[in-house]
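To start, the structure under review is shown below, and the notes come after it.
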Amino acid sequence: MTEPDLIAACLRGEPRAQRQLYNQFAGLMLTVCRRYLKRPEDAEEALLLGFAKVFRALPTFRQEGSFAGWVRRIMVNEALMELRRREPLHLSFEDFAQPENLATTPATADTQLQAEELLALLQTLPTGYRTVFNLYALEGYSHPEIAELLGISEGTSKSQLSKARAMLQRRLQLATSS
């Protein structure tokens with residue numbers, strides 16, 4: 001079944017099509033939710049609530065862009081809402097009071113870490129750093145968009161990203177040198 005056919009069948013309320021759509025996107029979207037939420041149960045909750053929104057909002061999808069991108073945007077927004085409910089977005093500055101927490105060498109992509117290890121490394125970041133990093137580096141949001149989504153200033157978004165990158169770089173160096 002093609003994607004437009006699948007969407008049309010879901011719009012008609014066909015349970016088999018809804019199940020297929022869920023099965024097609026659930027794995028990838030759970031990964032998206034897990035990047036924002038530390039606890040797997042919270043990510044699963046965001047996923048389920050996100051799919052409920054996908055099915056409710058399906059009539060508004062105009063089929064002008066990527067359907068996967070549209071679903072992803074809903075999941076990111078749902079993960080952010082779940083994050084606000086579960087883990088208040090505290091923007092962290094205290095971690096950089098210590099000079100040893102600042103990165104001193106440029107980041108490289110030359111690493112042997114697997115995807116699960118990288119996700120675990122991302123999960124060690126403070127909530128604010130992790131959220132801004134995910135939105136900017138992985139989802140492609142701009143700093144003005146992030147500022148609006150999170151209710152912070154554009155400067156704070158840039159600062160959080162910079163500090164997240166430095167902290168990730170340091171932790172990546174530690175992980176790959178051991």
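Ligands are numbered from 1 in the order shown, chains are lettered A, B, ... in the order of the structure tokens, and residues start at 1 in each chain.
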Residue list (alpha helix (DSSP H), DSSP) for segment 101-172 of chain A, as a ChimeraX atom specification: /A:115-123,127-133,143-150,154-172
Of the listed residues A:Leu11, A:Arg72, A:Glu44, A:Ala79, that which approaches Arg56 of chain A most closely, counting only C-alpha atoms: A:Leu11
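Put simply, atom CA of Gly155 of chain A is 21.4 Å away from atom CA of Asn77 of chain A.
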Polymer residues at most 8 Å from Leu30 of chain A, only C-alpha atoms, same-chain spacing of 2 or more positions, as a PyMOL selection string: chain A and resi 26-28+32-34+43-44+47
Would you put the residues from that selection into a file with all heavy atoms, as an mmCIF file, in the first residue's frame?
```cif
data_model
loop_
_atom_site.group_PDB
_atom_site.id
_atom_site.type_symbol
_atom_site.label_atom_id
_atom_site.label_comp_id
_atom_site.auth_asym_id
_atom_site.auth_seq_id
_atom_site.Cartn_x
_atom_site.Cartn_y
_atom_site.Cartn_z
ATOM 1 N N ALA A 26 6.414 3.742 14.321
ATOM 2 C CA ALA A 26 6.595 3.682 15.775
ATOM 3 C C ALA A 26 8.064 3.572 16.197
ATOM 4 O O ALA A 26 8.493 4.270 17.115
ATOM 5 C CB ALA A 26 5.791 2.531 16.371
ATOM 6 N N GLY A 27 8.833 2.728 15.560
ATOM 7 C CA GLY A 27 10.232 2.548 15.957
ATOM 8 C C GLY A 27 11.042 3.826 15.844
ATOM 9 O O GLY A 27 11.725 4.240 16.788
ATOM 10 N N LEU A 28 10.947 4.463 14.705
ATOM 11 C CA LEU A 28 11.679 5.706 14.479
ATOM 12 C C LEU A 28 11.194 6.815 15.413
ATOM 13 O O LEU A 28 11.994 7.556 15.990
ATOM 14 C CB LEU A 28 11.526 6.149 13.020
ATOM 15 C CG LEU A 28 12.193 7.458 12.632
ATOM 16 C CD1 LEU A 28 13.700 7.380 12.838
ATOM 17 C CD2 LEU A 28 11.867 7.807 11.189
ATOM 18 N N VAL A 32 12.946 9.174 18.440
ATOM 19 C CA VAL A 32 12.835 10.634 18.560
ATOM 20 C C VAL A 32 12.419 11.006 19.988
ATOM 21 O O VAL A 32 13.038 11.857 20.625
ATOM 22 C CB VAL A 32 11.822 11.198 17.532
ATOM 23 C CG1 VAL A 32 11.491 12.655 17.828
ATOM 24 C CG2 VAL A 32 12.358 11.044 16.114
ATOM 25 N N CYS A 33 11.399 10.366 20.499
ATOM 26 C CA CYS A 33 10.910 10.663 21.855
ATOM 27 C C CYS A 33 11.966 10.354 22.908
ATOM 28 O O CYS A 33 12.122 11.104 23.877
ATOM 29 C CB CYS A 33 9.625 9.884 22.143
ATOM 30 S SG CYS A 33 8.218 10.404 21.143
ATOM 31 N N ARG A 34 12.716 9.270 22.719
ATOM 32 C CA ARG A 34 13.744 8.883 23.691
ATOM 33 C C ARG A 34 14.881 9.880 23.761
ATOM 34 O O ARG A 34 15.547 9.993 24.793
ATOM 35 C CB ARG A 34 14.297 7.491 23.357
ATOM 36 C CG ARG A 34 13.333 6.380 23.738
ATOM 37 C CD ARG A 34 13.916 5.013 23.557
ATOM 38 N NE ARG A 34 15.124 4.847 24.361
ATOM 39 C CZ ARG A 34 16.099 4.004 24.059
ATOM 40 N NH1 ARG A 34 16.020 3.253 22.990
ATOM 41 N NH2 ARG A 34 17.161 3.897 24.837
ATOM 42 N N ALA A 43 9.014 8.169 27.309
ATOM 43 C CA ALA A 43 9.115 8.219 25.846
ATOM 44 C C ALA A 43 7.968 7.432 25.211
ATOM 45 O O ALA A 43 7.377 7.881 24.212
ATOM 46 C CB ALA A 43 10.461 7.663 25.389
ATOM 47 N N GLU A 44 7.633 6.287 25.789
ATOM 48 C CA GLU A 44 6.521 5.484 25.266
ATOM 49 C C GLU A 44 5.197 6.217 25.433
ATOM 50 O O GLU A 44 4.346 6.176 24.544
ATOM 51 C CB GLU A 44 6.483 4.125 25.960
ATOM 52 C CG GLU A 44 7.646 3.234 25.565
ATOM 53 C CD GLU A 44 7.796 2.001 26.439
ATOM 54 O OE1 GLU A 44 6.892 1.722 27.260
ATOM 55 O OE2 GLU A 44 8.826 1.319 26.296
ATOM 56 N N LEU A 47 5.043 8.803 22.807
ATOM 57 C CA LEU A 47 4.778 8.150 21.525
ATOM 58 C C LEU A 47 3.287 7.866 21.358
ATOM 59 O O LEU A 47 2.696 8.185 20.321
ATOM 60 C CB LEU A 47 5.580 6.846 21.419
ATOM 61 C CG LEU A 47 5.335 6.036 20.148
ATOM 62 C CD1 LEU A 47 6.052 6.676 18.976
ATOM 63 C CD2 LEU A 47 5.799 4.601 20.341
#
```
Nearby residues (only C-alpha atoms) at most 12 Å from Glu3 of chain A, same-chain spacing under 4 positions excluded, as a VMD selection string: chain A and resid 7 to 10 17 to 18 20 to 21 24 to 25 63 66 to 68
Selection file, N, CA, C and O atoms, as a tab-separated table (two decimals), in the first residue's frame:
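Result file is selection.tsv:
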```tsv
chain	number	residue	atom	x	y	z
A	7	ILE	N	-2.72	6.66	4.04
A	7	ILE	CA	-3.32	7.84	4.69
A	7	ILE	C	-4.82	7.87	4.42
A	7	ILE	O	-5.62	8.10	5.33
A	8	ALA	N	-5.21	7.62	3.17
A	8	ALA	CA	-6.64	7.62	2.82
A	8	ALA	C	-7.40	6.55	3.61
A	8	ALA	O	-8.50	6.80	4.10
A	9	ALA	N	-6.80	5.37	3.74
A	9	ALA	CA	-7.45	4.29	4.49
A	9	ALA	C	-7.57	4.66	5.97
A	9	ALA	O	-8.59	4.38	6.61
A	10	CYS	N	-6.56	5.32	6.51
A	10	CYS	CA	-6.62	5.78	7.91
A	10	CYS	C	-7.72	6.82	8.07
A	10	CYS	O	-8.44	6.83	9.08
A	17	ALA	N	-5.24	-0.29	8.51
A	17	ALA	CA	-4.38	0.77	7.98
A	17	ALA	C	-3.76	1.57	9.13
A	17	ALA	O	-2.58	1.93	9.07
A	18	GLN	N	-4.55	1.83	10.16
A	18	GLN	CA	-4.03	2.56	11.31
A	18	GLN	C	-2.91	1.75	11.98
A	18	GLN	O	-1.88	2.31	12.36
A	20	GLN	N	-1.01	-0.44	10.49
A	20	GLN	CA	0.14	-0.42	9.58
A	20	GLN	C	0.90	0.89	9.69
A	20	GLN	O	2.13	0.90	9.72
A	21	LEU	N	0.18	1.99	9.75
A	21	LEU	CA	0.82	3.30	9.88
A	21	LEU	C	1.61	3.37	11.19
A	21	LEU	O	2.76	3.80	11.21
A	24	GLN	N	4.70	1.20	10.95
A	24	GLN	CA	5.67	1.77	10.03
A	24	GLN	C	6.51	2.86	10.69
A	24	GLN	O	7.70	2.99	10.41
A	25	PHE	N	5.91	3.66	11.57
A	25	PHE	CA	6.59	4.82	12.13
A	25	PHE	C	6.96	4.70	13.60
A	25	PHE	O	7.75	5.50	14.10
A	63	GLN	N	-0.59	16.88	2.43
A	63	GLN	CA	0.19	16.09	1.47
A	63	GLN	C	1.07	16.95	0.58
A	63	GLN	O	1.30	16.63	-0.58
A	66	SER	N	6.68	16.08	3.37
A	66	SER	CA	6.93	14.71	3.80
A	66	SER	C	5.98	14.33	4.93
A	66	SER	O	5.87	15.04	5.93
A	67	PHE	N	5.32	13.20	4.77
A	67	PHE	CA	4.44	12.72	5.82
A	67	PHE	C	5.25	12.34	7.05
A	67	PHE	O	4.87	12.65	8.19
A	68	ALA	N	6.40	11.70	6.85
A	68	ALA	CA	7.27	11.33	7.97
A	68	ALA	C	7.71	12.58	8.73
A	68	ALA	O	7.76	12.57	9.96
```
Counting only C-alpha atoms, the residue of A:Met29, A:Met167, A:Thr131, A:Ser177 that sits nearest Gly69 of chain A: A:Met29
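Proximity to Arg171 of chain A at 10 Å, evaluated using only C-alpha atoms and with sequence-adjacent residues fewer than 5 positions away removed, yields Asn101, Ala103, Leu121, Leu122, Thr124, Leu125, Arg165, Ala166, Thr176 and Ser177 of chain A.
Nearest to Glu145 of chain A of all the residues A:Met75, A:Ala175, A:Val132, A:Ala52 is A:Val132, counting only C-alpha atoms.
Nearest residue to Ser142 of chain A among A:Lys158, A:Arg130, A:Arg16, A:Lys163 is A:Lys158, counting only C-alpha atoms.
Picture a line from atom CA of Ala120 of chain A to atom CA of Leu174 of chain A; it runs 13.8 Å.
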